[in-house]
Amino acid sequence: MASLRDIKGRIDSTAKMKKITKAMEMVSASKMNKAEQNAKSFVPYSEKIQEVVASIASNTDADHPMLSKREVKKTGYLVITSDRGLAGAYNSSILRSLYQTVNERHQSSDEYTVIAIGRMGYDFCRKRNMPVAKSILGLADQPNFADIKELASETVQMFSDEEIDELYIFYNHYVSAISQKVTKKKLLPITDMANSATGSQYEYEPNQEQILQVLLPQYAESLIYGALLDGKASEHAARMTAMRSATDNANDLIDGLTLSYNRARQAAITQEITEIIGGVAALE
């Protein structure tokens, strides 16, 4: 049986760790609330630009490469992960889905490339010799569009330049504070415009085709940014849940160690009493 000093040391160290995990839980909860607001406030813009683009695309004969399917020679995968761990299964679930998709769809690394947002995804791909065309690391907890504009623009341009023929995005969709859903979505080519069109009428200046040339890349970039905001809310929620679970486990461990400490202390007291009684009896 461990000594009283050893048990007391474990109780103290676990209590200190509990304070850390509790503080991290509270910080993540605060960040999650802000990230959730950011994600929700971006939705109206995303929906409106989708409505306008859909209206133009469905009412014009203008052709644009982002609206047209072509033979797939190379696929791009944009994966959004965190830069740090301690977030439960947040990163592993996304990367597992990416890895399974790549193994099922491709026989060679020449058939695909990865655009990584977040160090976890970047390191994962590098360790497995998966080609990474572009990456961005060290994003803020509450990123602005300017932080990823260059990456988003270059990624969309890769499709326009036919460096890739389709683009998928992997991220965790924020459902609630305790639920995040791994999401795989096809970004390019844009094929669901007809379902997004509304009966709204717009006047175009100079003309529909030129407006489409400007709006379609912006729309694709907004989809990437919207997914990033969604993923950040999921990241903070996952980290908050993981830290809460760690705190609960620390409480359980402290309770168990305290019980062991009391039993060991009681046994030591009983042993001392027995030795005293034995000593008295020997003197009589």
# chains A, B, ... in the order shown; residues from 1 in each chain; ligands from 1

$ residues_around --residues "range 133-142 of chain A" --least-positions-apart "5" --cutoff "6 Å" --atoms "only C-alpha atoms" --output "list in words"
Val114, Ile115, Ala116, Ile117, Gly118 and Arg119 of chain A

$ atom_distance --atom1 "CA of Glu36 in chain A" --atom2 "CA of Cys125 in chain A"
28.3 Å

$ closest_atom_pairs --of "range 132-168 of chain A" --to "range 210-229 of chain A" --cutoff "9 Å" --atoms "only C-alpha atoms" --output "JSON lines"
{"residue": "A:Gln142", "atom": "CA", "partner": "A:Leu229", "partner_atom": "CA", "distance": 7.8}
{"residue": "A:Pro143", "atom": "CA", "partner": "A:Leu229", "partner_atom": "CA", "distance": 7.5}
{"residue": "A:Asn144", "atom": "CA", "partner": "A:Tyr225", "partner_atom": "CA", "distance": 8.6}
{"residue": "A:Phe145", "atom": "CA", "partner": "A:Tyr225", "partner_atom": "CA", "distance": 6.5}
{"residue": "A:Ile148", "atom": "CA", "partner": "A:Tyr225", "partner_atom": "CA", "distance": 7.5}
{"residue": "A:Lys149", "atom": "CA", "partner": "A:Glu221", "partner_atom": "CA", "distance": 7.5}
{"residue": "A:Ala152", "atom": "CA", "partner": "A:Glu221", "partner_atom": "CA", "distance": 5.4}
{"residue": "A:Ser153", "atom": "CA", "partner": "A:Glu221", "partner_atom": "CA", "distance": 6.5}
{"residue": "A:Thr155", "atom": "CA", "partner": "A:Glu221", "partner_atom": "CA", "distance": 8.6}
{"residue": "A:Val156", "atom": "CA", "partner": "A:Pro217", "partner_atom": "CA", "distance": 6.6}
{"residue": "A:Gln157", "atom": "CA", "partner": "A:Pro217", "partner_atom": "CA", "distance": 8.2}

$ write_last_selection --atoms "N, CA and C atoms" --output "mmCIF file, in the first residue's frame"
data_model
loop_
_atom_site.group_PDB
_atom_site.id
_atom_site.type_symbol
_atom_site.label_atom_id
_atom_site.label_comp_id
_atom_site.auth_asym_id
_atom_site.auth_seq_id
_atom_site.Cartn_x
_atom_site.Cartn_y
_atom_site.Cartn_z
ATOM 1 N N GLN A 142 -10.411 34.034 -32.974
ATOM 2 C CA GLN A 142 -11.546 34.677 -33.640
ATOM 3 C C GLN A 142 -11.018 35.278 -34.947
ATOM 4 N N PRO A 143 -10.836 34.476 -35.990
ATOM 5 C CA PRO A 143 -10.181 34.956 -37.218
ATOM 6 C C PRO A 143 -11.044 35.936 -38.008
ATOM 7 N N ASN A 144 -10.388 36.863 -38.673
ATOM 8 C CA ASN A 144 -11.036 37.759 -39.617
ATOM 9 C C ASN A 144 -10.855 37.221 -41.031
ATOM 10 N N PHE A 145 -11.686 37.727 -41.943
ATOM 11 C CA PHE A 145 -11.576 37.266 -43.324
ATOM 12 C C PHE A 145 -10.211 37.610 -43.906
ATOM 13 N N ILE A 148 -7.449 34.916 -43.855
ATOM 14 C CA ILE A 148 -7.421 33.773 -44.781
ATOM 15 C C ILE A 148 -7.731 34.181 -46.217
ATOM 16 N N LYS A 149 -7.861 35.485 -46.472
ATOM 17 C CA LYS A 149 -8.246 35.936 -47.815
ATOM 18 C C LYS A 149 -7.279 35.437 -48.877
ATOM 19 N N ALA A 152 -7.707 31.637 -49.357
ATOM 20 C CA ALA A 152 -8.978 31.347 -50.013
ATOM 21 C C ALA A 152 -8.939 31.735 -51.478
ATOM 22 N N SER A 153 -8.382 32.905 -51.753
ATOM 23 C CA SER A 153 -8.292 33.376 -53.131
ATOM 24 C C SER A 153 -7.403 32.465 -53.976
ATOM 25 N N THR A 155 -6.726 29.335 -53.400
ATOM 26 C CA THR A 155 -7.373 28.029 -53.544
ATOM 27 C C THR A 155 -8.409 28.058 -54.659
ATOM 28 N N VAL A 156 -9.224 29.111 -54.690
ATOM 29 C CA VAL A 156 -10.219 29.256 -55.759
ATOM 30 C C VAL A 156 -9.523 29.416 -57.105
ATOM 31 N N GLN A 157 -8.405 30.136 -57.127
ATOM 32 C CA GLN A 157 -7.674 30.331 -58.375
ATOM 33 C C GLN A 157 -7.090 29.017 -58.889
#

$ atom_distance --atom1 "CA of Met66 in chain A" --atom2 "CA of Lys181 in chain A"
27.3 Å

$ closest_residue --among "A:Arg239, A:His64, A:Lys73, A:Lys22" --to "Gln208 in chain A" --atoms "only C-alpha atoms"
A:His64

$ select_by_dssp --residues "range 8-237 of chain A" --states "strand (DSSP E or B)" --output "PyMOL selection string"
chain A and resi 75-80+112-117+132-136+166-176+179-188

$ closest_residue --among "A:Ser82, A:Ser260, A:Ser234, A:Ser30" --to "Thr183 in chain A" --atoms "only C-alpha atoms"
A:Ser234

$ select_by_dssp --residues "range 81-227 of chain A" --states "helix (DSSP H, G or I)" --output "CSV table (one decimal) with N, CA and C atoms, in the first residue's frame"
chain,number,residue,atom,x,y,z
A,90,TYR,N,-11.9,16.3,-31.6
A,90,TYR,CA,-12.2,17.4,-32.6
A,90,TYR,C,-11.3,17.2,-33.9
A,91,ASN,N,-10.0,17.1,-33.7
A,91,ASN,CA,-9.1,16.9,-34.8
A,91,ASN,C,-9.1,15.5,-35.4
A,92,SER,N,-9.1,14.5,-34.6
A,92,SER,CA,-8.9,13.1,-35.0
A,92,SER,C,-10.1,12.7,-35.9
A,93,SER,N,-11.3,13.2,-35.6
A,93,SER,CA,-12.5,12.8,-36.3
A,93,SER,C,-12.5,13.4,-37.8
A,94,ILE,N,-12.0,14.6,-37.9
A,94,ILE,CA,-11.9,15.3,-39.2
A,94,ILE,C,-10.8,14.5,-40.0
A,95,LEU,N,-9.6,14.3,-39.4
A,95,LEU,CA,-8.5,13.7,-40.1
A,95,LEU,C,-8.8,12.3,-40.5
A,96,ARG,N,-9.5,11.6,-39.7
A,96,ARG,CA,-9.9,10.2,-40.0
A,96,ARG,C,-10.8,10.2,-41.2
A,97,SER,N,-11.7,11.1,-41.3
A,97,SER,CA,-12.6,11.2,-42.5
A,97,SER,C,-11.8,11.6,-43.7
A,98,LEU,N,-10.9,12.5,-43.6
A,98,LEU,CA,-10.1,12.9,-44.8
A,98,LEU,C,-9.2,11.7,-45.2
A,99,TYR,N,-8.6,11.0,-44.3
A,99,TYR,CA,-7.7,9.9,-44.6
A,99,TYR,C,-8.5,8.7,-45.3
A,100,GLN,N,-9.7,8.4,-44.8
A,100,GLN,CA,-10.5,7.4,-45.4
A,100,GLN,C,-11.0,7.8,-46.8
A,101,THR,N,-11.3,9.0,-47.0
A,101,THR,CA,-11.7,9.5,-48.3
A,101,THR,C,-10.6,9.4,-49.3
A,102,VAL,N,-9.4,9.8,-48.9
A,102,VAL,CA,-8.3,9.8,-49.8
A,102,VAL,C,-7.9,8.3,-50.2
A,103,ASN,N,-8.0,7.4,-49.2
A,103,ASN,CA,-7.6,6.0,-49.5
A,103,ASN,C,-8.7,5.3,-50.4
A,104,GLU,N,-9.9,5.8,-50.2
A,104,GLU,CA,-11.0,5.2,-51.0
A,104,GLU,C,-11.0,5.7,-52.5
A,105,ARG,N,-10.6,6.9,-52.7
A,105,ARG,CA,-10.8,7.6,-54.0
A,105,ARG,C,-9.6,7.6,-54.8
A,109,SER,N,-0.6,9.7,-55.0
A,109,SER,CA,-0.6,11.1,-54.4
A,109,SER,C,-0.7,12.1,-55.5
A,110,ASP,N,-0.5,11.7,-56.8
A,110,ASP,CA,-0.6,12.7,-57.9
A,110,ASP,C,-2.0,13.0,-58.2
A,111,GLU,N,-3.0,12.3,-57.6
A,111,GLU,CA,-4.4,12.5,-58.0
A,111,GLU,C,-5.1,13.5,-57.1
A,119,ARG,N,-2.4,23.6,-37.7
A,119,ARG,CA,-1.2,22.8,-37.6
A,119,ARG,C,-1.5,21.3,-37.5
A,120,MET,N,-2.5,20.9,-36.8
A,120,MET,CA,-2.8,19.5,-36.6
A,120,MET,C,-3.0,18.8,-38.0
A,121,GLY,N,-3.8,19.4,-38.8
A,121,GLY,CA,-4.0,18.9,-40.2
A,121,GLY,C,-2.7,18.9,-41.0
A,122,TYR,N,-2.0,20.0,-40.9
A,122,TYR,CA,-0.7,20.1,-41.7
A,122,TYR,C,0.3,19.0,-41.2
A,123,ASP,N,0.5,18.8,-39.9
A,123,ASP,CA,1.4,17.8,-39.4
A,123,ASP,C,0.9,16.4,-39.8
A,124,PHE,N,-0.4,16.2,-39.7
A,124,PHE,CA,-0.9,14.9,-40.0
A,124,PHE,C,-0.6,14.5,-41.5
A,125,CYS,N,-0.8,15.4,-42.4
A,125,CYS,CA,-0.5,15.1,-43.8
A,125,CYS,C,1.0,15.0,-44.1
A,126,ARG,N,1.8,15.8,-43.5
A,126,ARG,CA,3.2,15.7,-43.7
A,126,ARG,C,3.8,14.4,-43.2
A,127,LYS,N,3.3,13.9,-42.0
A,127,LYS,CA,3.8,12.6,-41.5
A,127,LYS,C,3.4,11.5,-42.4
A,145,PHE,N,-11.7,37.7,-41.9
A,145,PHE,CA,-11.6,37.3,-43.3
A,145,PHE,C,-10.2,37.6,-43.9
A,146,ALA,N,-9.7,38.8,-43.5
A,146,ALA,CA,-8.3,39.2,-44.0
A,146,ALA,C,-7.3,38.1,-43.7
A,147,ASP,N,-7.5,37.4,-42.6
A,147,ASP,CA,-6.5,36.4,-42.2
A,147,ASP,C,-6.4,35.2,-43.2
A,148,ILE,N,-7.4,34.9,-43.9
A,148,ILE,CA,-7.4,33.8,-44.8
A,148,ILE,C,-7.7,34.2,-46.2
A,149,LYS,N,-7.9,35.5,-46.5
A,149,LYS,CA,-8.2,35.9,-47.8
A,149,LYS,C,-7.3,35.4,-48.9
A,150,GLU,N,-6.0,35.5,-48.6
A,150,GLU,CA,-5.0,35.1,-49.6
A,150,GLU,C,-5.1,33.6,-49.9
A,151,LEU,N,-5.2,32.8,-48.8
A,151,LEU,CA,-5.3,31.4,-49.0
A,151,LEU,C,-6.6,31.0,-49.7
A,152,ALA,N,-7.7,31.6,-49.4
A,152,ALA,CA,-9.0,31.3,-50.0
A,152,ALA,C,-8.9,31.7,-51.5
A,153,SER,N,-8.4,32.9,-51.8
A,153,SER,CA,-8.3,33.4,-53.1
A,153,SER,C,-7.4,32.5,-54.0
A,154,GLU,N,-6.3,32.1,-53.4
A,154,GLU,CA,-5.4,31.2,-54.2
A,154,GLU,C,-6.0,29.8,-54.4
A,155,THR,N,-6.7,29.3,-53.4
A,155,THR,CA,-7.4,28.0,-53.5
A,155,THR,C,-8.4,28.1,-54.7
A,156,VAL,N,-9.2,29.1,-54.7
A,156,VAL,CA,-10.2,29.3,-55.8
A,156,VAL,C,-9.5,29.4,-57.1
A,157,GLN,N,-8.4,30.1,-57.1
A,157,GLN,CA,-7.7,30.3,-58.4
A,157,GLN,C,-7.1,29.0,-58.9
A,158,MET,N,-6.7,28.1,-58.0
A,158,MET,CA,-6.2,26.8,-58.4
A,158,MET,C,-7.3,26.1,-59.2
A,159,PHE,N,-8.5,26.2,-58.9
A,159,PHE,CA,-9.6,25.6,-59.6
A,159,PHE,C,-9.8,26.3,-61.0
A,160,SER,N,-9.8,27.6,-61.0
A,160,SER,CA,-9.9,28.4,-62.2
A,160,SER,C,-8.8,28.1,-63.2
A,193,MET,N,-26.8,25.8,-57.5
A,193,MET,CA,-27.3,27.1,-57.7
A,193,MET,C,-28.8,27.1,-57.9
A,194,ALA,N,-29.3,26.2,-58.7
A,194,ALA,CA,-30.7,26.2,-59.0
A,194,ALA,C,-31.6,26.0,-57.8
A,195,ASN,N,-31.1,25.3,-56.8
A,195,ASN,CA,-31.9,25.1,-55.6
A,195,ASN,C,-31.9,26.3,-54.7
A,196,SER,N,-31.0,27.3,-54.9
A,196,SER,CA,-30.9,28.4,-54.1
A,196,SER,C,-31.5,29.7,-54.7
A,208,GLN,N,-24.7,40.9,-66.6
A,208,GLN,CA,-24.7,39.7,-65.7
A,208,GLN,C,-23.4,38.9,-65.7
A,209,GLU,N,-22.8,38.8,-66.9
A,209,GLU,CA,-21.6,38.0,-67.0
A,209,GLU,C,-20.5,38.6,-66.3
A,210,GLN,N,-20.3,39.9,-66.4
A,210,GLN,CA,-19.2,40.5,-65.7
A,210,GLN,C,-19.4,40.5,-64.2
A,211,ILE,N,-20.6,40.6,-63.7
A,211,ILE,CA,-20.9,40.6,-62.3
A,211,ILE,C,-20.6,39.1,-61.8
A,212,LEU,N,-21.0,38.2,-62.6
A,212,LEU,CA,-20.8,36.8,-62.2
A,212,LEU,C,-19.3,36.5,-62.1
A,213,GLN,N,-18.5,37.1,-63.0
A,213,GLN,CA,-17.0,36.9,-62.9
A,213,GLN,C,-16.4,37.4,-61.6
A,214,VAL,N,-17.1,38.4,-61.0
A,214,VAL,CA,-16.6,38.9,-59.7
A,214,VAL,C,-17.2,38.2,-58.5
A,215,LEU,N,-18.5,37.9,-58.6
A,215,LEU,CA,-19.2,37.4,-57.5
A,215,LEU,C,-18.9,35.9,-57.2
A,216,LEU,N,-18.7,35.1,-58.2
A,216,LEU,CA,-18.5,33.7,-58.0
A,216,LEU,C,-17.2,33.4,-57.2
A,217,PRO,N,-16.1,34.0,-57.5
A,217,PRO,CA,-14.9,33.8,-56.6
A,217,PRO,C,-15.2,34.3,-55.2
A,218,GLN,N,-15.9,35.4,-55.0
A,218,GLN,CA,-16.2,35.9,-53.7
A,218,GLN,C,-17.1,34.9,-53.0
A,219,TYR,N,-18.0,34.4,-53.7
A,219,TYR,CA,-19.0,33.4,-53.1
A,219,TYR,C,-18.2,32.2,-52.6
A,220,ALA,N,-17.3,31.6,-53.4
A,220,ALA,CA,-16.5,30.5,-53.0
A,220,ALA,C,-15.6,30.8,-51.8
A,221,GLU,N,-15.0,32.0,-51.8
A,221,GLU,CA,-14.2,32.4,-50.7
A,221,GLU,C,-15.0,32.5,-49.4
A,222,SER,N,-16.3,33.0,-49.5
A,222,SER,CA,-17.1,33.2,-48.4
A,222,SER,C,-17.5,31.8,-47.8
A,223,LEU,N,-17.7,30.8,-48.6
A,223,LEU,CA,-18.0,29.5,-48.2
A,223,LEU,C,-16.8,28.9,-47.3
A,224,ILE,N,-15.6,29.2,-47.7
A,224,ILE,CA,-14.4,28.8,-47.0
A,224,ILE,C,-14.3,29.5,-45.6
A,225,TYR,N,-14.6,30.8,-45.6
A,225,TYR,CA,-14.5,31.6,-44.4
A,225,TYR,C,-15.7,31.2,-43.5
A,226,GLY,N,-16.9,30.9,-44.0
A,226,GLY,CA,-18.0,30.5,-43.2
A,226,GLY,C,-17.7,29.1,-42.5
A,227,ALA,N,-17.0,28.2,-43.3
A,227,ALA,CA,-16.7,26.9,-42.7
A,227,ALA,C,-15.6,27.1,-41.6

$ closest_residue --among "A:Lys48, A:Glu166, A:Ala237, A:Lys186" --to "Lys34 in chain A" --atoms "only C-alpha atoms"
A:Ala237

$ residues_around --residues "Met24 in chain A" --least-positions-apart "6" --cutoff "12 Å" --atoms "only C-alpha atoms" --output "list in words"
Met17, Lys18, Ser30, Lys31, Met32, Leu86, Ala87, His236, Ala237, Ala238, Arg239, Met240, Thr241, Ala242, Met243, Arg244, Ser245, Ala246 and Thr247 of chain A

$ decode --residues "range 128-192 of chain A" --atoms "C-alpha atoms" --output "PDB file, in the first residue's frame"
ATOM      1  CA  ARG A 128       1.889  10.486 -43.986  1.00  0.00           C
ATOM      2  CA  ASN A 129       3.561  11.973 -47.081  1.00  0.00           C
ATOM      3  CA  MET A 130       0.281  13.452 -48.298  1.00  0.00           C
ATOM      4  CA  PRO A 131       0.903  16.388 -50.682  1.00  0.00           C
ATOM      5  CA  VAL A 132       0.143  19.790 -49.151  1.00  0.00           C
ATOM      6  CA  ALA A 133      -0.173  22.558 -51.728  1.00  0.00           C
ATOM      7  CA  LYS A 134      -0.940  25.414 -49.350  1.00  0.00           C
ATOM      8  CA  SER A 135      -1.295  25.904 -45.619  1.00  0.00           C
ATOM      9  CA  ILE A 136      -1.929  28.522 -42.977  1.00  0.00           C
ATOM     10  CA  LEU A 137      -0.938  28.050 -39.332  1.00  0.00           C
ATOM     11  CA  GLY A 138      -1.403  30.026 -36.149  1.00  0.00           C
ATOM     12  CA  LEU A 139      -4.782  31.603 -36.877  1.00  0.00           C
ATOM     13  CA  ALA A 140      -6.382  33.681 -34.130  1.00  0.00           C
ATOM     14  CA  ASP A 141      -9.153  32.183 -32.009  1.00  0.00           C
ATOM     15  CA  GLN A 142     -11.546  34.677 -33.640  1.00  0.00           C
ATOM     16  CA  PRO A 143     -10.181  34.956 -37.218  1.00  0.00           C
ATOM     17  CA  ASN A 144     -11.036  37.759 -39.617  1.00  0.00           C
ATOM     18  CA  PHE A 145     -11.576  37.266 -43.324  1.00  0.00           C
ATOM     19  CA  ALA A 146      -8.342  39.152 -43.984  1.00  0.00           C
ATOM     20  CA  ASP A 147      -6.470  36.370 -42.155  1.00  0.00           C
ATOM     21  CA  ILE A 148      -7.421  33.773 -44.781  1.00  0.00           C
ATOM     22  CA  LYS A 149      -8.246  35.936 -47.815  1.00  0.00           C
ATOM     23  CA  GLU A 150      -4.986  35.138 -49.581  1.00  0.00           C
ATOM     24  CA  LEU A 151      -5.300  31.382 -48.985  1.00  0.00           C
ATOM     25  CA  ALA A 152      -8.978  31.347 -50.013  1.00  0.00           C
ATOM     26  CA  SER A 153      -8.292  33.376 -53.131  1.00  0.00           C
ATOM     27  CA  GLU A 154      -5.352  31.184 -54.159  1.00  0.00           C
ATOM     28  CA  THR A 155      -7.373  28.029 -53.544  1.00  0.00           C
ATOM     29  CA  VAL A 156     -10.219  29.256 -55.759  1.00  0.00           C
ATOM     30  CA  GLN A 157      -7.674  30.331 -58.375  1.00  0.00           C
ATOM     31  CA  MET A 158      -6.231  26.804 -58.395  1.00  0.00           C
ATOM     32  CA  PHE A 159      -9.610  25.604 -59.637  1.00  0.00           C
ATOM     33  CA  SER A 160      -9.913  28.385 -62.216  1.00  0.00           C
ATOM     34  CA  ASP A 161      -6.389  27.596 -63.486  1.00  0.00           C
ATOM     35  CA  GLU A 162      -7.336  23.872 -63.676  1.00  0.00           C
ATOM     36  CA  GLU A 163      -4.636  22.874 -61.200  1.00  0.00           C
ATOM     37  CA  ILE A 164      -7.475  21.014 -59.477  1.00  0.00           C
ATOM     38  CA  ASP A 165     -10.779  19.950 -61.032  1.00  0.00           C
ATOM     39  CA  GLU A 166     -12.876  19.759 -57.868  1.00  0.00           C
ATOM     40  CA  LEU A 167     -12.555  21.003 -54.288  1.00  0.00           C
ATOM     41  CA  TYR A 168     -13.888  19.411 -51.101  1.00  0.00           C
ATOM     42  CA  ILE A 169     -13.802  20.894 -47.624  1.00  0.00           C
ATOM     43  CA  PHE A 170     -13.591  18.975 -44.328  1.00  0.00           C
ATOM     44  CA  TYR A 171     -14.511  20.652 -41.052  1.00  0.00           C
ATOM     45  CA  ASN A 172     -16.533  20.205 -37.862  1.00  0.00           C
ATOM     46  CA  HIS A 173     -19.987  21.772 -38.064  1.00  0.00           C
ATOM     47  CA  TYR A 174     -21.132  23.414 -34.829  1.00  0.00           C
ATOM     48  CA  VAL A 175     -24.441  21.876 -33.729  1.00  0.00           C
ATOM     49  CA  SER A 176     -24.395  22.795 -30.047  1.00  0.00           C
ATOM     50  CA  ALA A 177     -21.980  23.237 -27.165  1.00  0.00           C
ATOM     51  CA  ILE A 178     -21.841  19.466 -26.688  1.00  0.00           C
ATOM     52  CA  SER A 179     -22.289  18.307 -30.280  1.00  0.00           C
ATOM     53  CA  GLN A 180     -20.137  18.838 -33.372  1.00  0.00           C
ATOM     54  CA  LYS A 181     -20.616  17.015 -36.668  1.00  0.00           C
ATOM     55  CA  VAL A 182     -17.833  16.125 -39.088  1.00  0.00           C
ATOM     56  CA  THR A 183     -18.833  17.656 -42.421  1.00  0.00           C
ATOM     57  CA  LYS A 184     -17.561  16.916 -45.908  1.00  0.00           C
ATOM     58  CA  LYS A 185     -18.819  19.364 -48.520  1.00  0.00           C
ATOM     59  CA  LYS A 186     -18.100  19.870 -52.212  1.00  0.00           C
ATOM     60  CA  LEU A 187     -17.226  23.527 -52.832  1.00  0.00           C
ATOM     61  CA  LEU A 188     -16.195  23.525 -56.476  1.00  0.00           C
ATOM     62  CA  PRO A 189     -17.583  23.289 -59.044  1.00  0.00           C
ATOM     63  CA  ILE A 190     -20.713  25.019 -57.727  1.00  0.00           C
ATOM     64  CA  THR A 191     -23.591  22.783 -58.762  1.00  0.00           C
ATOM     65  CA  ASP A 192     -26.483  23.618 -56.432  1.00  0.00           C
TER      66      ASP A 192
END
